[in-house]
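Asker: Sharing a structure below in structure tokens format, with a few things to ask.
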Amino acid sequence: MSSTELPFVPATNVLPKVAPVRIAEGERLRSVGLPGITLTVRSRPPARAGLPPALYVHGLGGSSQNWSALMPLHDELVDSEALDLPGFGDSPPPDDGDYSITGHARAVIRYLDSSGRGPVHLFGNSMGGAVTTRVAAVRPDLVRTLTLVSPALPEVRVQRTAVPTALLAVPGVARLFTRLTQQWSAEQRVSGVMGLCYGDPGQVTPEGFRNAVEEMERRQQLPYFWDAMTRSTRGIVNAYTLGGQHGLWRQAERVLAPTLLVYGGRDQLVSYRMAQRAARAFRDSRLLSLPDAGHVAMMEYPETVASAFRELLSDTGELKVDAGTVAARTLGSRADAANAGS
């Protein structure tokens, strides 16, 4: 191993105890052991039995908590679960140390195959957008619809604001960055992340900021935190360089599932100008452009994203409406019509 590489990461069974991850009201966490990986799955009980399943995949440095604002808005539509990818959130590192886009996609596929929940309504943000694009391309049988929020698909001209993050892929940079920022507080780190990811960081509530600081403090106690970040960043950069059938844009063209694309006009990590290219690449796509959103629209404008997802379900015939709700709406419409005529 080169001296510029990150140090050896201890086995999962000797990792230090850290504070538990945050669980929002109505959520549940469980651990799922699969060959070579252990995944933490965050879920919510659906409004009623029989709703189709949905699976949410976070981005670089994120976790299943990134979907906690959106999932409750889908309780009437789908049966929601969100993964912590290997090495992120509350999931330990993968046994083989594979943090490539293909490695993460393999983890998603293994979970869906083992759980028998597929086909699902699949969501991905940033790196998770690249991962779920690959899943939808190679395993169309597992995907009903695909929703991508600022997907990390290859760009010829990367935004300057995204360069520092990409530099984590360079051997030695993570070690140097850790040394240079060792005096930074968790509050300083969270402020920097929010300034990079939110279109307007002022939208974050004091409670939301405190929760993010607690999570940052928890992650910094994990000896594999920077290893997962660095190797996953390297995985994104490597995926950008792949051509032919394994290229992400080529795989986007192979996706059969109806696709909702969500792009933010103030995104500093994925360029807003990529929205039109993505709309052309995915054969059955619709585009939601949010001029004031940043990189995490599902956290900034969850109601708008949820409304667009409902429209996607309606347009594709996937919307499962409860018979009682239909009857209530019908009676309400008749009452409105009667009142209007009186």
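So you can find residues: chains in the structure tokens are A, B, ... in the order shown, residues in each start at 1, and ligands are numbered from 1 in order.
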Can you pull out every residue within 7 Å of region 184-197 of chain A, counting only C-alpha atoms, but drop anything in the same chain fewer than 2 positions away, and send it as a PyMOL selection string?
Answerer: chain A and resi 181-182+199+201+212-213+216-217+267-268+294-296
Asker: Got a sec to tell me which of region 234-279 of chain A DSSP assigns to alpha helix (DSSP H), as a PDB file with N, CA and C atoms, in the first residue's frame?
Answerer:
```
ATOM      1  N   ARG A 234     -13.431   8.667  -5.397  1.00  0.00           N
ATOM      2  CA  ARG A 234     -12.621   8.044  -6.437  1.00  0.00           C
ATOM      3  C   ARG A 234     -13.500   7.204  -7.356  1.00  0.00           C
ATOM      4  N   GLY A 235     -14.511   6.541  -6.760  1.00  0.00           N
ATOM      5  CA  GLY A 235     -15.432   5.735  -7.561  1.00  0.00           C
ATOM      6  C   GLY A 235     -16.240   6.580  -8.533  1.00  0.00           C
ATOM      7  N   ILE A 236     -16.650   7.784  -8.091  1.00  0.00           N
ATOM      8  CA  ILE A 236     -17.380   8.684  -8.984  1.00  0.00           C
ATOM      9  C   ILE A 236     -16.479   9.135 -10.130  1.00  0.00           C
ATOM     10  N   VAL A 237     -15.262   9.559  -9.794  1.00  0.00           N
ATOM     11  CA  VAL A 237     -14.326  10.028 -10.828  1.00  0.00           C
ATOM     12  C   VAL A 237     -14.028   8.912 -11.828  1.00  0.00           C
ATOM     13  N   ASN A 238     -13.818   7.708 -11.332  1.00  0.00           N
ATOM     14  CA  ASN A 238     -13.551   6.580 -12.231  1.00  0.00           C
ATOM     15  C   ASN A 238     -14.751   6.298 -13.131  1.00  0.00           C
ATOM     16  N   ALA A 239     -15.956   6.403 -12.575  1.00  0.00           N
ATOM     17  CA  ALA A 239     -17.165   6.167 -13.381  1.00  0.00           C
ATOM     18  C   ALA A 239     -17.293   7.217 -14.475  1.00  0.00           C
ATOM     19  N   TYR A 240     -16.826   8.442 -14.208  1.00  0.00           N
ATOM     20  CA  TYR A 240     -16.892   9.508 -15.210  1.00  0.00           C
ATOM     21  C   TYR A 240     -15.999   9.201 -16.405  1.00  0.00           C
ATOM     22  N   THR A 241     -14.951   8.425 -16.178  1.00  0.00           N
ATOM     23  CA  THR A 241     -13.983   8.164 -17.250  1.00  0.00           C
ATOM     24  C   THR A 241     -14.325   6.928 -18.072  1.00  0.00           C
ATOM     25  N   LEU A 248     -21.875   5.989 -17.895  1.00  0.00           N
ATOM     26  CA  LEU A 248     -23.139   6.323 -17.243  1.00  0.00           C
ATOM     27  C   LEU A 248     -24.150   6.936 -18.201  1.00  0.00           C
ATOM     28  N   TRP A 249     -23.701   7.758 -19.158  1.00  0.00           N
ATOM     29  CA  TRP A 249     -24.650   8.335 -20.122  1.00  0.00           C
ATOM     30  C   TRP A 249     -25.211   7.261 -21.036  1.00  0.00           C
ATOM     31  N   ARG A 250     -24.377   6.299 -21.414  1.00  0.00           N
ATOM     32  CA  ARG A 250     -24.877   5.193 -22.234  1.00  0.00           C
ATOM     33  C   ARG A 250     -25.888   4.366 -21.439  1.00  0.00           C
ATOM     34  N   GLN A 251     -25.615   4.183 -20.154  1.00  0.00           N
ATOM     35  CA  GLN A 251     -26.551   3.429 -19.327  1.00  0.00           C
ATOM     36  C   GLN A 251     -27.848   4.208 -19.104  1.00  0.00           C
ATOM     37  N   ALA A 252     -27.738   5.534 -19.025  1.00  0.00           N
ATOM     38  CA  ALA A 252     -28.948   6.351 -18.913  1.00  0.00           C
ATOM     39  C   ALA A 252     -29.859   6.123 -20.113  1.00  0.00           C
ATOM     40  N   GLU A 253     -29.271   5.983 -21.285  1.00  0.00           N
ATOM     41  CA  GLU A 253     -30.053   5.753 -22.503  1.00  0.00           C
ATOM     42  C   GLU A 253     -30.740   4.396 -22.491  1.00  0.00           C
ATOM     43  N   ARG A 254     -30.232   3.473 -21.690  1.00  0.00           N
ATOM     44  CA  ARG A 254     -30.798   2.123 -21.622  1.00  0.00           C
ATOM     45  C   ARG A 254     -31.911   1.992 -20.590  1.00  0.00           C
ATOM     46  N   MET A 274     -26.805  20.586 -17.052  1.00  0.00           N
ATOM     47  CA  MET A 274     -26.873  19.173 -17.413  1.00  0.00           C
ATOM     48  C   MET A 274     -28.315  18.668 -17.472  1.00  0.00           C
ATOM     49  N   ALA A 275     -29.262  19.480 -17.016  1.00  0.00           N
ATOM     50  CA  ALA A 275     -30.659  19.045 -16.969  1.00  0.00           C
ATOM     51  C   ALA A 275     -31.185  18.670 -18.346  1.00  0.00           C
ATOM     52  N   GLN A 276     -30.918  19.513 -19.338  1.00  0.00           N
ATOM     53  CA  GLN A 276     -31.432  19.242 -20.677  1.00  0.00           C
ATOM     54  C   GLN A 276     -30.777  18.020 -21.299  1.00  0.00           C
ATOM     55  N   ARG A 277     -29.478  17.831 -21.032  1.00  0.00           N
ATOM     56  CA  ARG A 277     -28.829  16.631 -21.561  1.00  0.00           C
ATOM     57  C   ARG A 277     -29.442  15.383 -20.941  1.00  0.00           C
ATOM     58  N   ALA A 278     -29.699  15.435 -19.641  1.00  0.00           N
ATOM     59  CA  ALA A 278     -30.312  14.287 -18.980  1.00  0.00           C
ATOM     60  C   ALA A 278     -31.707  14.023 -19.531  1.00  0.00           C
ATOM     61  N   ALA A 279     -32.469  15.085 -19.765  1.00  0.00           N
ATOM     62  CA  ALA A 279     -33.821  14.923 -20.301  1.00  0.00           C
ATOM     63  C   ALA A 279     -33.802  14.246 -21.663  1.00  0.00           C
TER      64      ALA A 279
END
```
Asker: Restricting the calculation to only C-alpha atoms, which member of A:Thr230, A:Gln65, A:Thr132, A:Thr205 is positioned closest to Ile109 (chain A)?
Answerer: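 Comparing A:Thr230, A:Gln65, A:Thr132, A:Thr205 against Ile109 (chain A), the winner is A:Thr132.
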Asker: DSSP on the backbone: what in region 128-298 of chain A comes out strand (DSSP E or B), as a ChimeraX atom specification?
Answerer: /A:143-149,259-264,285-290
Asker: By how many Å are CA of Asp292 (chain A) and CA of Tyr198 (chain A) apart?
Answerer: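 Rounded to one decimal, the two atoms are 9.2 Å apart.
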Asker: Which residue out of A:Gln220, A:Ser43, A:Ser115, A:Thr133 has the minimum interatomic distance to Asp79 (chain A) when only C-alpha atoms are used?
Answerer: A:Ser43
Asker: Kindly give the distance, in Å, that separates CA of Val41 (chain A) and CA of Leu312 (chain A), rounded to a single decimal.
Answerer: 25.0 Å
Asker: Give me the residues near Met299 (chain A) as a list of chain:residue names, where near means some atom within 8 Å (using only C-alpha atoms) and where sequence neighbours in that chain fewer than 6 positions away do not count.
Answerer: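 Contacts, in chain order: A:Asn66, A:Trp67, A:Ala69, A:Leu70.
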Asker: Identify, on the basis of only C-alpha atoms, every residue whose closest approach to Ala49 (chain A) does not exceed 10 Å; exclude the query and any residue fewer than 3 positions from it along the same chain; express the result as a ChimeraX atom specification.
Answerer: /A:45-46,52,78-79
Asker: Find the distance between CA of Val143 (chain A) and CA of Val120 (chain A) and write it in Å to one decimal.
Answerer: 5.0 Å
Asker: Nearest to Gly36 (chain A) among A:Arg286, A:Arg280, A:His58, A:Arg106, with distances taken over only C-alpha atoms: which residue is it?
Answerer: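 Among the listed residues, the smallest separation from Gly36 (chain A) belongs to A:Arg106.
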Asker: Fewer than 2 positions away in the same chain doesn't count, so skip those; otherwise give me all residues within 12 Å of Tyr111 (chain A), counting only C-alpha atoms, as a ChimeraX atom specification.
Answerer: /A:31-41,55,57,81-86,104-109,113-120,135,142
Asker: Would you mind exporting the chosen residues as a compact mmCIF listing (two decimals), in the first residue's frame, restricted to N, CA and C atoms?
Answerer:
```
# COMPACT_ATOMS: atom_id res chain seq x y z
N SER A 31 -31.07 -3.54 10.74
CA SER A 31 -29.82 -3.94 10.10
C SER A 31 -30.06 -5.21 9.29
N VAL A 32 -29.56 -5.21 8.06
CA VAL A 32 -29.75 -6.35 7.16
C VAL A 32 -28.38 -6.89 6.76
N GLY A 33 -28.11 -8.14 7.12
CA GLY A 33 -26.85 -8.77 6.76
C GLY A 33 -26.95 -9.48 5.43
N LEU A 34 -26.05 -9.15 4.51
CA LEU A 34 -26.00 -9.76 3.20
C LEU A 34 -24.57 -10.21 2.93
N PRO A 35 -24.33 -11.07 1.92
CA PRO A 35 -22.96 -11.49 1.64
C PRO A 35 -22.03 -10.31 1.41
N GLY A 36 -21.05 -10.13 2.27
CA GLY A 36 -20.03 -9.10 2.09
C GLY A 36 -20.40 -7.72 2.58
N ILE A 37 -21.66 -7.50 2.96
CA ILE A 37 -22.09 -6.17 3.41
C ILE A 37 -23.15 -6.30 4.50
N THR A 38 -23.24 -5.27 5.31
CA THR A 38 -24.34 -5.12 6.26
C THR A 38 -24.93 -3.74 6.04
N LEU A 39 -26.23 -3.68 5.79
CA LEU A 39 -26.89 -2.43 5.45
C LEU A 39 -27.88 -2.03 6.54
N THR A 40 -27.89 -0.75 6.87
CA THR A 40 -28.93 -0.21 7.74
C THR A 40 -30.05 0.33 6.85
N VAL A 41 -31.27 -0.04 7.17
CA VAL A 41 -32.43 0.35 6.37
C VAL A 41 -33.37 1.17 7.25
N LEU A 55 -37.60 2.73 -2.76
CA LEU A 55 -36.28 2.68 -2.13
C LEU A 55 -35.52 3.94 -2.48
N VAL A 57 -31.86 6.23 -2.21
CA VAL A 57 -30.41 6.06 -2.11
C VAL A 57 -29.75 7.43 -2.05
N GLU A 81 -38.61 2.86 2.02
CA GLU A 81 -37.40 2.43 2.70
C GLU A 81 -36.22 3.22 2.12
N ALA A 82 -35.27 3.57 2.98
CA ALA A 82 -34.06 4.26 2.54
C ALA A 82 -32.84 3.52 3.07
N LEU A 83 -31.84 3.36 2.22
CA LEU A 83 -30.62 2.65 2.59
C LEU A 83 -29.54 3.59 3.08
N ASP A 84 -28.72 3.10 4.01
CA ASP A 84 -27.40 3.66 4.24
C ASP A 84 -26.44 2.80 3.42
N LEU A 85 -25.82 3.40 2.40
CA LEU A 85 -24.86 2.64 1.60
C LEU A 85 -23.69 2.18 2.46
N PRO A 86 -22.99 1.13 2.07
CA PRO A 86 -21.86 0.64 2.86
C PRO A 86 -20.85 1.74 3.17
N HIS A 104 -21.47 0.08 -5.11
CA HIS A 104 -22.69 0.57 -4.44
C HIS A 104 -23.94 0.06 -5.14
N ALA A 105 -23.93 0.03 -6.47
CA ALA A 105 -25.09 -0.49 -7.20
C ALA A 105 -25.30 -1.97 -6.87
N ARG A 106 -24.21 -2.69 -6.73
CA ARG A 106 -24.32 -4.11 -6.37
C ARG A 106 -24.97 -4.26 -4.99
N ALA A 107 -24.66 -3.36 -4.07
CA ALA A 107 -25.26 -3.42 -2.74
C ALA A 107 -26.78 -3.20 -2.82
N VAL A 108 -27.19 -2.23 -3.65
CA VAL A 108 -28.63 -1.98 -3.82
C VAL A 108 -29.32 -3.19 -4.43
N ILE A 109 -28.71 -3.77 -5.44
CA ILE A 109 -29.29 -4.93 -6.11
C ILE A 109 -29.38 -6.12 -5.16
N ASP A 113 -32.84 -7.93 -4.26
CA ASP A 113 -33.01 -9.36 -4.55
C ASP A 113 -33.32 -10.14 -3.28
N SER A 114 -32.63 -9.81 -2.20
CA SER A 114 -32.81 -10.58 -0.96
C SER A 114 -34.15 -10.27 -0.29
N SER A 115 -34.60 -9.01 -0.41
CA SER A 115 -35.84 -8.61 0.26
C SER A 115 -37.08 -8.99 -0.54
N GLY A 116 -36.90 -9.20 -1.84
CA GLY A 116 -38.04 -9.51 -2.70
C GLY A 116 -38.99 -8.34 -2.89
N ARG A 117 -38.52 -7.11 -2.64
CA ARG A 117 -39.39 -5.94 -2.74
C ARG A 117 -39.50 -5.40 -4.15
N GLY A 118 -38.62 -5.83 -5.03
CA GLY A 118 -38.67 -5.28 -6.37
C GLY A 118 -39.86 -5.81 -7.18
N PRO A 119 -40.29 -5.06 -8.20
CA PRO A 119 -39.74 -3.77 -8.62
C PRO A 119 -40.19 -2.63 -7.71
N VAL A 120 -39.30 -1.63 -7.53
CA VAL A 120 -39.57 -0.53 -6.63
C VAL A 120 -39.57 0.80 -7.39
N VAL A 135 -28.29 0.80 -11.62
CA VAL A 135 -29.21 -0.27 -11.23
C VAL A 135 -30.35 -0.39 -12.24
N LEU A 142 -36.11 -4.60 -11.63
CA LEU A 142 -36.19 -4.17 -10.24
C LEU A 142 -36.76 -2.76 -10.08
```
Asker: Taking only C-alpha atoms into account, name the residue in A:Glu214, A:Gly124, A:Lys320, A:His246 that is nearest to Ala297 (chain A).
Answerer: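 Counting only C-alpha atoms, the residue closest to Ala297 (chain A) is A:Gly124.
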